[in-house]
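Engineer: Next up is a structure, given as structure tokens.
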Amino acid sequence: MTNPIFERIKNDINSHDIVLYMKGTAMFPQCGFSSAVVQILEHMELSFKDINVLEEPELREGIKEFTNWPTIPQLYVKGEFIGGCDIVREMFETGELQQLFQEKGLVAA
């Protein structure tokens, strides 16, 4: 039996190049970790789909099960789970994140 939440998550991450599951929205993040990831993506001038997990408890739990990752935010690029705030921040600081977006064809080299 398919899990409707998992199907929705798959649809979201396959329909958008960059998806951020977060607490709050890009305009109004409701946690510091979500806010930090939004700031990095905005700094890199990337457009992304923000999905507020606070609006739906089943989605909030479903995304954790989907990735087997216990925390929010969660960043996906071209359908691939990248990580949460600490990983995204570290990748940004080392230049790995910029390289990943270039490899995926989402920013100019």
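We name chains A, B, ... following the order of the structure tokens; residues begin at 1 in each chain, and ligands are numbered from 1 as shown.
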Give me the residues near A:Glu45 as a list of chain:residue names, where near means some atom within 12 Å (using only C-alpha atoms) and where sequence neighbours in that chain fewer than 4 positions away do not count.
Structural biologist: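 Surrounding residues, per the criterion: A:Val38, A:Gln39, A:Ile40, A:Leu41, A:Gln98, A:Phe101, A:Leu106, A:Val107, A:Ala108.
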Engineer: Would you kindly return, as a count of residues only, each protein, DNA or RNA residue with an atom no farther than 9 Å from any atom of A:Ser34, considering only C-alpha atoms and excluding same-chain residues fewer than 4 positions away?
Structural biologist: 16
Engineer: So which one's closest to A:Pro4, A:Glu103, A:Glu90, A:Glu80, A:Glu58? Using only C-alpha atoms, please.
Structural biologist: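 Looking only at the distances to A:Pro4, the closest residue turns out to be A:Glu58.
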Engineer: Give me, as a PyMOL selection string, the residues of stretch 17-98 of chain A that a backbone DSSP run labels strand (DSSP E or B).
Structural biologist: chain A and resi 18-22+24+29+49-52+74-77+80-83
Engineer: Mind dumping the selected residues with C-alpha atoms as a PDB file, in the first residue's frame?
Structural biologist:
```pdb
ATOM      1  CA  ILE A  18      14.869  23.019  -5.111  1.00  0.00           C
ATOM      2  CA  VAL A  19      12.480  22.166  -2.275  1.00  0.00           C
ATOM      3  CA  LEU A  20      12.842  23.207   1.348  1.00  0.00           C
ATOM      4  CA  TYR A  21      10.659  21.535   3.949  1.00  0.00           C
ATOM      5  CA  MET A  22      10.714  24.019   6.787  1.00  0.00           C
ATOM      6  CA  GLY A  24       7.136  28.488   8.575  1.00  0.00           C
ATOM      7  CA  PRO A  29      10.437  31.330   8.941  1.00  0.00           C
ATOM      8  CA  LYS A  49       9.657  25.825  -3.245  1.00  0.00           C
ATOM      9  CA  ASP A  50       9.111  26.265   0.484  1.00  0.00           C
ATOM     10  CA  ILE A  51       6.778  23.841   2.230  1.00  0.00           C
ATOM     11  CA  ASN A  52       5.576  24.691   5.725  1.00  0.00           C
ATOM     12  CA  GLN A  74      15.234  19.456   4.952  1.00  0.00           C
ATOM     13  CA  LEU A  75      16.636  20.566   1.611  1.00  0.00           C
ATOM     14  CA  TYR A  76      16.156  18.678  -1.651  1.00  0.00           C
ATOM     15  CA  VAL A  77      17.892  19.520  -4.920  1.00  0.00           C
ATOM     16  CA  GLU A  80      18.046  14.407  -3.925  1.00  0.00           C
ATOM     17  CA  PHE A  81      18.021  14.910  -0.149  1.00  0.00           C
ATOM     18  CA  ILE A  82      20.912  17.216   0.752  1.00  0.00           C
ATOM     19  CA  GLY A  83      20.465  17.617   4.496  1.00  0.00           C
TER      20      GLY A  83
END
```
Engineer: What's around A:Asn3 at 12 Å? Count only C-alpha atoms, leave out sequence neighbours fewer than 2 positions away in its own chain, and write the answer as a JSON list (two decimals) with N, CA and C atoms, in the first residue's frame.
Structural biologist:
```json
[["chain", "number", "residue", "atom", "x", "y", "z"],
["A", 1, "MET", "N", 0.84, -1.20, 0.00],
["A", 1, "MET", "CA", 0.00, 0.00, 0.00],
["A", 1, "MET", "C", 0.88, 1.25, 0.00],
["A", 5, "ILE", "N", 1.26, 10.50, 1.94],
["A", 5, "ILE", "CA", 2.21, 11.58, 2.29],
["A", 5, "ILE", "C", 3.51, 11.39, 1.50],
["A", 6, "PHE", "N", 4.00, 10.15, 1.45],
["A", 6, "PHE", "CA", 5.23, 9.88, 0.69],
["A", 6, "PHE", "C", 5.03, 10.21, -0.78],
["A", 7, "GLU", "N", 3.85, 9.88, -1.32],
["A", 7, "GLU", "CA", 3.55, 10.17, -2.73],
["A", 7, "GLU", "C", 3.57, 11.68, -2.96],
["A", 8, "ARG", "N", 3.02, 12.41, -2.02],
["A", 8, "ARG", "CA", 3.00, 13.87, -2.14],
["A", 8, "ARG", "C", 4.41, 14.44, -2.08],
["A", 9, "ILE", "N", 5.22, 13.93, -1.16],
["A", 9, "ILE", "CA", 6.61, 14.38, -1.03],
["A", 9, "ILE", "C", 7.36, 14.09, -2.32],
["A", 10, "LYS", "N", 7.22, 12.87, -2.84],
["A", 10, "LYS", "CA", 7.89, 12.52, -4.10],
["A", 10, "LYS", "C", 7.46, 13.46, -5.22],
["A", 58, "GLU", "N", 0.83, 15.63, 9.86],
["A", 58, "GLU", "CA", 1.15, 14.37, 9.17],
["A", 58, "GLU", "C", 2.30, 14.55, 8.18],
["A", 59, "LEU", "N", 2.40, 15.73, 7.58],
["A", 59, "LEU", "CA", 3.52, 16.02, 6.68],
["A", 59, "LEU", "C", 4.81, 16.19, 7.49],
["A", 62, "GLY", "N", 5.76, 12.79, 8.34],
["A", 62, "GLY", "CA", 5.99, 12.03, 7.11],
["A", 62, "GLY", "C", 7.33, 12.33, 6.48],
["A", 63, "ILE", "N", 7.73, 13.60, 6.47],
["A", 63, "ILE", "CA", 9.00, 13.96, 5.84],
["A", 63, "ILE", "C", 10.18, 13.37, 6.62],
["A", 65, "GLU", "N", 10.09, 10.51, 8.27],
["A", 65, "GLU", "CA", 10.09, 9.08, 7.93],
["A", 65, "GLU", "C", 10.61, 8.87, 6.52],
["A", 66, "PHE", "N", 10.22, 9.76, 5.62],
["A", 66, "PHE", "CA", 10.59, 9.64, 4.21],
["A", 66, "PHE", "C", 12.10, 9.61, 4.04]]
```
